[in-house]
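To keep things clear, I will list the structure first and then write my remarks on it.
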Amino acid sequence: RSGEMAKLTQVIDNEVFRAYATYTAIVLLKMMLMSLITAYFRITRKAFVNPEDTAVFGKGESAKKNLRTDPDVERVRRGHLNDLENIVPFLGIGLLYALSGPELSTALLHFRIFAGARIVHTFAYLIPLPQPSRGLSWAVGYAVTISMAYKVLKAVLYL
Amino acid sequence: RSGEMAKLTQVIDNEVFRAYATYTAIVLLKMMLMSLITAYFRITRKAFVNPEDTAVFGKGESAKKNLRTDPDVERVRRGHLNDLENIVPFLGIGLLYALSGPELSTALLHFRIFAGARIVHTFAYLIPLPQPSRGLSWAVGYAVTISMAYKVLKAVLYL
Amino acid sequence: RSGEMAKLTQVIDNEVFRAYATYTAIVLLKMMLMSLITAYFRITRKAFVNPEDTAVFGKGESAKKNLRTDPDVERVRRGHLNDLENIVPFLGIGLLYALSGPELSTALLHFRIFAGARIVHTFAYLIPLPQPSRGLSWAVGYAVTISMAYKVLKAVLYL
């Protein structure tokens, strides 16, 4: 068993793969943070969607009026969904890219720009910053993922 | 070719990786079940969102009144989205964690608690159980993912 | 380092894994296309959700009337979410399946049918085609993923 374990550990010892693991963990943790921010706004704005969540505010009308949408809550939720739409492709395509044998420096460039772009995107969405801040940060992350997909397909294409 | 195949099979023969594969398949199948539950409620509650889906109920007003939202359908959809928001991080971070060489017993503990928490979360959402059932089950899965992310970053950090 | 790199490259040289990488890149790129189609409809239909996105149309009432939902935009968004709900399980279960040592021809059959079904699903949703086009294409992709999950669990089950 320790022989197998060693083999697996070799995969993760590869520098490109370690970089992929680091930046993937960072962007996934950033995405998970959106859940906490949503919960924070739901509680401070008293804007819930499930009747059972308002029970803490008592029963009847006093609780019912907390079943409502709030612009700040909806904004965070849109940012969260945008993360899902963009980080899922990064997760899959980035893994294949890391396994396709890129130069370490090129790979680091891709991973760093993607992670930076998604962090800027979150600030641009939540503050919010005037456009085209959010649009540009979204486009940069998108372009990085397209670039990695192109390299993956060039390296492995097997239809 | 059979030599390469053998090498790949060795990866999946690793016990930690087999445990990851098992629990990942389970939580993804559980998430996929939400689609069937949504379809079940859409049909039994006659609550559709696409005009072409109501054609089976005839044309005109009789079909049009089935274009509506239903609280049960919306509840399942929220549970499905919550799965996506939490199982995607588990998919990515869990894979990296499995590759980072954890103890088998520790890894099994993480995977079992995560899968159990997500199954409890689904029941808590759909029945629904009174809070804090849903909140706690969500928090347990969240904490397990954070714990794995911490171990991944400690093992591989390469910025 | 080049020794490790070679080892990783061997993984991606496996034909089943190359096929998985190819079809995963294709379906993830297809999913990413939904963002561009959403943006296209938001701009041509002038239907935005964030106040800061309408600033380009001037201030006050002229901009405010562009803060609205549009049936075409909502349709693309539903297609995008359906992609997330179905392509995420394919991403995870397909990877484990590719690593579980399937026959190349069986694996290709699974990957090709899934990718084809999701492309048909997108056309069926966006045109839209009359039902059961969309329902059937969804079910085919779903069944392929279940089939792969069954083979993964049969090969690796470790609870």
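Every chain in the structure tokens takes a letter, A first, then B, and so on in the order presented; its residues are numbered from 1, and the ligands are numbered from 1 following the presented order.
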
9 Å contact set for Met31 of chain C, only C-alpha atoms, chain neighbours under 6 positions out, as a PyMOL selection string: (chain A and resi 85+89) or (chain C and resi 79-80+83-84+87)

Those in chain B with helix (DSSP H, G or I) from DSSP, as a PyMOL selection string: chain B and resi 2-13+15-44+51-57+61-64+71-99+104-126+133-156

Residue hits in chain A, query chain B, radius 9 Å, only C-alpha atoms, as a PyMOL selection string: chain A and resi 1+4-9+11-13+15-26+28-29+31-32+35+50+52-53+55-56+80-81+84+88+91-92+108+112

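The space between atom CA of Ser137 of chain A and atom CA of Pro51 of chain C spans 17.8 Å.
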
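For the atom pair formed by atom CA of Lys65 of chain B and atom CA of Arg77 of chain B, the distance is 20.6 Å, given to one decimal.
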
Selected residue of minimal separation from Phe41 of chain A among A:Val27, A:Ser62, A:Asp72, A:His110, counting only C-alpha atoms: A:Asp72

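Across the model, the gap from atom CA of Ala107 of chain C to atom CA of Val144 of chain C is 10.4 Å.
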